[in-house]
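K.L.:
So that you have it, the file is upload.cif, and it contains mmCIF, C-alpha atoms:
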data_coords
loop_
_atom_site.label_atom_id
_atom_site.label_comp_id
_atom_site.auth_asym_id
_atom_site.auth_seq_id
_atom_site.Cartn_x
_atom_site.Cartn_y
_atom_site.Cartn_z
CA MET J 1 155.05 120.09 -54.35
CA GLN J 2 156.10 121.15 -50.86
CA ARG J 3 156.64 124.75 -51.99
CA THR J 4 153.16 124.79 -53.53
CA PHE J 5 151.65 123.74 -50.21
CA ASP J 6 153.82 126.18 -48.25
CA ILE J 7 152.64 129.08 -50.43
CA THR J 8 149.02 127.97 -50.14
CA VAL J 9 149.23 127.68 -46.34
CA THR J 10 150.71 131.18 -46.16
CA GLY J 11 147.78 132.55 -48.15
CA ARG J 12 145.25 130.65 -46.08
CA ASN J 13 146.72 132.07 -42.88
CA LEU J 14 145.85 135.49 -44.28
CA LEU J 15 142.31 134.28 -45.01
CA LEU J 16 142.00 133.03 -41.44
CA GLN J 17 142.78 136.55 -40.24
CA PHE J 18 139.73 137.80 -42.14
CA LEU J 19 137.54 135.18 -40.46
CA ASP J 20 138.99 135.92 -37.03
CA ASN J 21 139.12 139.71 -37.19
CA TYR J 22 135.92 140.74 -38.96
CA THR J 23 132.40 140.54 -37.57
CA LEU J 24 129.76 138.36 -39.18
CA GLU J 25 128.11 141.53 -40.46
CA GLN J 26 131.38 142.65 -42.08
CA LEU J 27 132.02 139.18 -43.56
CA ASN J 28 128.54 139.30 -45.15
CA LYS J 29 128.61 142.87 -46.46
CA ILE J 30 128.66 143.28 -50.23
CA PRO J 31 129.95 146.78 -50.94
CA ASP J 32 128.57 148.78 -53.86
CA GLY J 33 130.32 147.76 -57.06
CA PHE J 34 131.11 144.23 -55.82
CA LYS J 35 129.22 140.98 -56.53
CA ASN J 36 130.21 139.11 -53.40
CA ASN J 37 131.56 139.42 -49.88
CA LEU J 38 134.52 138.29 -47.80
CA LEU J 39 132.82 135.11 -46.60
CA TRP J 40 131.80 134.05 -50.11
CA ASN J 41 135.36 134.56 -51.40
CA ILE J 42 136.83 132.33 -48.70
CA GLY J 43 134.17 129.65 -49.18
CA HIS J 44 134.76 129.84 -52.92
CA ILE J 45 138.50 129.36 -52.43
CA VAL J 46 137.94 126.19 -50.39
CA VAL J 47 135.41 124.77 -52.86
CA VAL J 48 137.42 125.51 -56.00
CA GLN J 49 140.56 123.84 -54.62
CA GLN J 50 138.54 120.70 -53.97
CA MET J 51 136.92 120.79 -57.39
CA LEU J 52 140.19 121.41 -59.27
CA VAL J 53 142.13 118.70 -57.48
CA TYR J 54 139.63 116.04 -56.40
CA LYS J 55 136.57 116.34 -58.63
CA LEU J 56 138.65 116.56 -61.81
CA SER J 57 140.62 113.53 -60.56
CA GLY J 58 137.36 111.60 -60.12
CA LEU J 59 137.84 111.41 -56.34
CA PRO J 60 135.47 112.36 -53.48
CA MET J 61 135.75 115.93 -52.22
CA MET J 62 135.88 117.00 -48.56
CA VAL J 63 133.18 119.62 -49.15
CA SER J 64 129.47 118.89 -49.35
CA ASP J 65 127.39 119.22 -52.50
CA GLU J 66 125.50 122.01 -50.73
CA MET J 67 128.71 123.90 -50.13
CA VAL J 68 129.71 123.47 -53.78
CA GLU J 69 126.34 124.84 -54.91
CA LYS J 70 126.73 127.83 -52.58
CA TYR J 71 130.31 128.81 -53.48
CA LYS J 72 131.11 127.47 -56.94
CA LYS J 73 132.08 129.72 -59.84
CA GLY J 74 129.21 131.82 -61.06
CA THR J 75 127.38 132.00 -57.74
CA THR J 76 126.82 135.03 -55.54
CA PRO J 77 125.92 135.12 -51.86
CA GLU J 78 122.27 134.31 -51.23
CA GLY J 79 121.16 135.37 -47.80
CA LYS J 80 123.52 135.95 -44.93
CA GLY J 81 126.22 133.53 -43.87
CA THR J 82 125.92 132.29 -40.28
CA HIS J 83 128.41 131.71 -37.49
CA GLU J 84 128.11 128.01 -38.37
CA ASP J 85 129.11 128.79 -41.97
CA VAL J 86 132.15 130.71 -40.71
CA GLU J 87 133.19 127.83 -38.44
CA GLU J 88 132.76 125.26 -41.22
CA ILE J 89 134.86 127.31 -43.63
CA LYS J 90 137.44 127.96 -40.93
CA SER J 91 137.85 124.24 -40.24
CA LEU J 92 137.99 123.34 -43.93
CA LEU J 93 140.54 126.04 -44.67
CA PHE J 94 143.41 123.89 -43.36
CA GLU J 95 141.85 120.40 -43.10
CA THR J 96 141.46 120.31 -46.88
CA LEU J 97 145.08 121.28 -47.44
CA LYS J 98 146.42 118.76 -44.92
CA GLN J 99 144.40 116.00 -46.56
CA THR J 100 145.41 117.09 -50.05
CA GLN J 101 149.07 117.04 -49.08
CA ALA J 102 148.66 113.59 -47.50
CA ASP J 103 146.91 112.37 -50.64
CA PHE J 104 149.72 113.70 -52.85
CA ASP J 105 152.23 111.96 -50.59
CA ALA J 106 150.21 108.74 -50.96
CA SER J 107 150.12 109.18 -54.77
CA ILE J 108 146.35 108.75 -55.02
CA PHE J 109 145.95 111.14 -57.96
CA LYS J 110 146.20 108.70 -60.87
CA ASN J 111 143.61 110.07 -63.31
CA TYR J 112 142.69 113.61 -64.27
CA ASN J 113 140.09 115.10 -66.60
CA GLU J 114 141.97 117.89 -68.37
CA PHE J 115 140.42 121.28 -67.77
CA THR J 116 141.09 124.62 -69.42
CA THR J 117 140.64 127.52 -67.04
CA MET J 118 138.88 130.73 -68.01
CA TYR J 119 142.38 132.21 -68.34
CA GLY J 120 143.27 129.72 -71.07
CA TYR J 121 145.61 127.54 -69.03
CA THR J 122 145.02 123.80 -69.42
CA LEU J 123 145.39 121.73 -66.26
CA LYS J 124 146.61 118.26 -67.21
CA ASN J 125 146.96 116.68 -63.76
CA ALA J 126 146.37 117.28 -60.05
CA GLU J 127 149.81 118.84 -59.65
CA ASP J 128 148.94 121.45 -62.30
CA ALA J 129 145.68 122.02 -60.46
CA MET J 130 147.44 122.80 -57.17
CA ALA J 131 149.90 125.11 -58.91
CA PHE J 132 147.05 127.00 -60.62
CA ASN J 133 145.08 126.99 -57.37
CA TYR J 134 147.44 129.31 -55.55
CA TYR J 135 147.11 131.81 -58.40
CA HIS J 136 143.33 131.53 -58.05
CA GLU J 137 143.50 131.98 -54.28
CA ALA J 138 145.79 135.00 -54.60
CA MET J 139 143.41 136.61 -57.08
CA HIS J 140 140.47 136.24 -54.68
CA THR J 141 142.59 137.44 -51.75
CA GLY J 142 143.28 140.58 -53.76
CA MET J 143 139.55 141.06 -54.31
CA MET J 144 139.02 140.67 -50.58
CA MET J 145 141.59 143.35 -49.87
CA GLY J 146 139.52 145.64 -52.08
CA ILE J 147 136.28 144.70 -50.33
CA ARG J 148 137.69 145.31 -46.88
CA LYS J 149 138.26 148.98 -47.71
CA PHE J 150 134.50 149.44 -48.00
CA ILE J 151 133.21 147.54 -45.01
#
Let's see the structure in the file written out as structure tokens.

P.N.:
Amino acid sequence: MQRTFDITVTGRNLLLQFLDNYTLEQLNKIPDGFKNNLLWNIGHIVVVQQMLVYKLSGLPMMVSDEMVEKYKKGTTPEGKGTHEDVEEIKSLLFETLKQTQADFDASIFKNYNEFTTMYGYTLKNAEDAMAFNYYHEAMHTGMMMGIRKFI
């Protein structure tokens, strides 16, 4: 599992660079041909990791229900994200991973509701969820690299 977390942290360091190096206006811009923006993609990444690992394990998530409703699959940005939104996402970017790693080390993931992703891969446990998660995060990071060309 350590390699899974190492890879995820590497990807999240790249996401932090987006939050640190782009203006709020740039983070909120939805270029023509895209359905979302940089900020939504990063919020979505944080929320989905929590849902895949914790919610499907029947455990409390570190993200609020409001955040889930704002960034879950199938949503698009409504209104403009604020500096407070950026700071919340920035803090959750690594806090969620540190807690997840601690929870794996403590072996708290006992149950899991199997889930088949839209790509046809069935997650059978929290370890599968974390392995799939870095694929999901990489996919959204790639989308963000496309968006940044147009902002």

K.L.:
Which residue is closest to Lys98 (chain J)? Choose from J:Ala138, J:Met145, J:Val9, J:Val47 and count all atoms listed in the file.

P.N.:
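Looking only at the distances to Lys98 (chain J), the closest residue turns out to be J:Val9.
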
K.L.:
List as an mmCIF file with C-alpha atoms, keeping the file's coordinate frame the protein and nucleic acid residues near region 58-74 of chain J, meaning an atom at most 10 Å away when all atoms listed in the file are counted, but skip any in the same chain fewer than 2 places from it.

P.N.:
data_model
loop_
_atom_site.group_PDB
_atom_site.id
_atom_site.type_symbol
_atom_site.label_atom_id
_atom_site.label_comp_id
_atom_site.auth_asym_id
_atom_site.auth_seq_id
_atom_site.Cartn_x
_atom_site.Cartn_y
_atom_site.Cartn_z
ATOM 1 C CA LEU J 39 132.820 135.110 -46.600
ATOM 2 C CA TRP J 40 131.800 134.050 -50.110
ATOM 3 C CA ASN J 41 135.360 134.560 -51.400
ATOM 4 C CA ILE J 42 136.830 132.330 -48.700
ATOM 5 C CA GLY J 43 134.170 129.650 -49.180
ATOM 6 C CA HIS J 44 134.760 129.840 -52.920
ATOM 7 C CA ILE J 45 138.500 129.360 -52.430
ATOM 8 C CA VAL J 46 137.940 126.190 -50.390
ATOM 9 C CA VAL J 47 135.410 124.770 -52.860
ATOM 10 C CA VAL J 48 137.420 125.510 -56.000
ATOM 11 C CA GLN J 49 140.560 123.840 -54.620
ATOM 12 C CA GLN J 50 138.540 120.700 -53.970
ATOM 13 C CA MET J 51 136.920 120.790 -57.390
ATOM 14 C CA LEU J 52 140.190 121.410 -59.270
ATOM 15 C CA VAL J 53 142.130 118.700 -57.480
ATOM 16 C CA TYR J 54 139.630 116.040 -56.400
ATOM 17 C CA LYS J 55 136.570 116.340 -58.630
ATOM 18 C CA LEU J 56 138.650 116.560 -61.810
ATOM 19 C CA THR J 76 126.820 135.030 -55.540
ATOM 20 C CA PRO J 77 125.920 135.120 -51.860
ATOM 21 C CA GLU J 78 122.270 134.310 -51.230
ATOM 22 C CA ASP J 85 129.110 128.790 -41.970
ATOM 23 C CA GLU J 88 132.760 125.260 -41.220
ATOM 24 C CA ILE J 89 134.860 127.310 -43.630
ATOM 25 C CA LEU J 92 137.990 123.340 -43.930
ATOM 26 C CA GLU J 95 141.850 120.400 -43.100
ATOM 27 C CA THR J 96 141.460 120.310 -46.880
ATOM 28 C CA GLN J 99 144.400 116.000 -46.560
ATOM 29 C CA THR J 100 145.410 117.090 -50.050
ATOM 30 C CA ILE J 108 146.350 108.750 -55.020
ATOM 31 C CA PHE J 109 145.950 111.140 -57.960
ATOM 32 C CA LYS J 110 146.200 108.700 -60.870
ATOM 33 C CA ASN J 111 143.610 110.070 -63.310
ATOM 34 C CA TYR J 112 142.690 113.610 -64.270
ATOM 35 C CA ASN J 113 140.090 115.100 -66.600
#

K.L.:
Using CA of Ala131 (chain J) and CA of Gln17 (chain J) as the two end points, give the distance in Å to one decimal.

P.N.:
23.0 Å

K.L.:
Quote the spacing between CA of Met1 (chain J) and CA of Phe115 (chain J) in Å to one decimal place.

P.N.:
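Computing it gives 19.9 Å between the two atoms.
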
K.L.:
Report, in Å with one decimal, the straight-line distance from CA of Thr141 (chain J) to CA of Phe18 (chain J).

P.N.:
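Result for CA of Thr141 (chain J) versus CA of Phe18 (chain J): 10.0 Å, one decimal.
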
K.L.:
Smallest atom-to-atom distance to Gln2 (chain J): which of J:Asn125, J:Phe132, J:Gln101, J:Gly120, using all atoms listed in the file?

P.N.:
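Closest residue, counting all atoms listed in the file: J:Gln101.
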
K.L.:
Using all atoms listed in the file for the distances, tell me which of J:Met139, J:Ile30, J:Leu16, J:Leu24 is nearest to Phe94 (chain J).

P.N.:
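Answer, going by the shortest atom-to-atom distance: J:Leu16.
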
K.L.:
Within 12 Å of Thr4 (chain J), counting only C-alpha atoms, which residues show up once you throw out same-chain ones fewer than 6 positions away? Write them as a PyMOL selection string, please.

P.N.:
chain J and resi 10-11+97+100-101+104+127-135

K.L.:
Got a sec to resolve the PyMOL selection byres ((chain J and resi 26) around 9) on this structure and send the residues as a PDB file with C-alpha atoms, in the frame of the given file?

P.N.:
ATOM      1  CA  TYR J  22     135.920 140.740 -38.960  1.00  0.00           C
ATOM      2  CA  THR J  23     132.400 140.540 -37.570  1.00  0.00           C
ATOM      3  CA  LEU J  24     129.760 138.360 -39.180  1.00  0.00           C
ATOM      4  CA  GLU J  25     128.110 141.530 -40.460  1.00  0.00           C
ATOM      5  CA  LEU J  27     132.020 139.180 -43.560  1.00  0.00           C
ATOM      6  CA  ASN J  28     128.540 139.300 -45.150  1.00  0.00           C
ATOM      7  CA  LYS J  29     128.610 142.870 -46.460  1.00  0.00           C
ATOM      8  CA  ILE J  30     128.660 143.280 -50.230  1.00  0.00           C
ATOM      9  CA  ASN J  37     131.560 139.420 -49.880  1.00  0.00           C
ATOM     10  CA  LEU J  38     134.520 138.290 -47.800  1.00  0.00           C
ATOM     11  CA  LEU J  39     132.820 135.110 -46.600  1.00  0.00           C
ATOM     12  CA  ARG J 148     137.690 145.310 -46.880  1.00  0.00           C
ATOM     13  CA  ILE J 151     133.210 147.540 -45.010  1.00  0.00           C
TER      14      ILE J 151
END

K.L.:
As lines of an AutoDock Vina configuration file, please report the centre and edge lengths, rounded to one decimal in Å, of the axis-aligned box that holds all listed atoms of region 97-101 of chain J with 8 Å of padding on each of the six sides.

P.N.:
center_x = 146.7
center_y = 118.6
center_z = -47.5
size_x = 20.7
size_y = 21.3
size_z = 21.1

K.L.:
Calculated over only C-alpha atoms, which of the candidates J:Thr8, J:Arg3, J:Ser57, J:Asp32 has the smallest distance to Leu123 (chain J)?

P.N.:
J:Ser57

K.L.:
Compare J:Ala102, J:Leu19, J:Met118, J:Leu14 by their minimum atom-to-atom distance to Gly81 (chain J), counting all atoms listed in the file, and give me the closest one.

P.N.:
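Counting all atoms listed in the file, the residue closest to Gly81 (chain J) is J:Leu19.
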
K.L.:
Of the residues J:His136, J:Lys90, J:Arg12, J:Lys80, which is the one nearest to Asn36 (chain J), using only C-alpha atoms?

P.N.:
J:Lys80
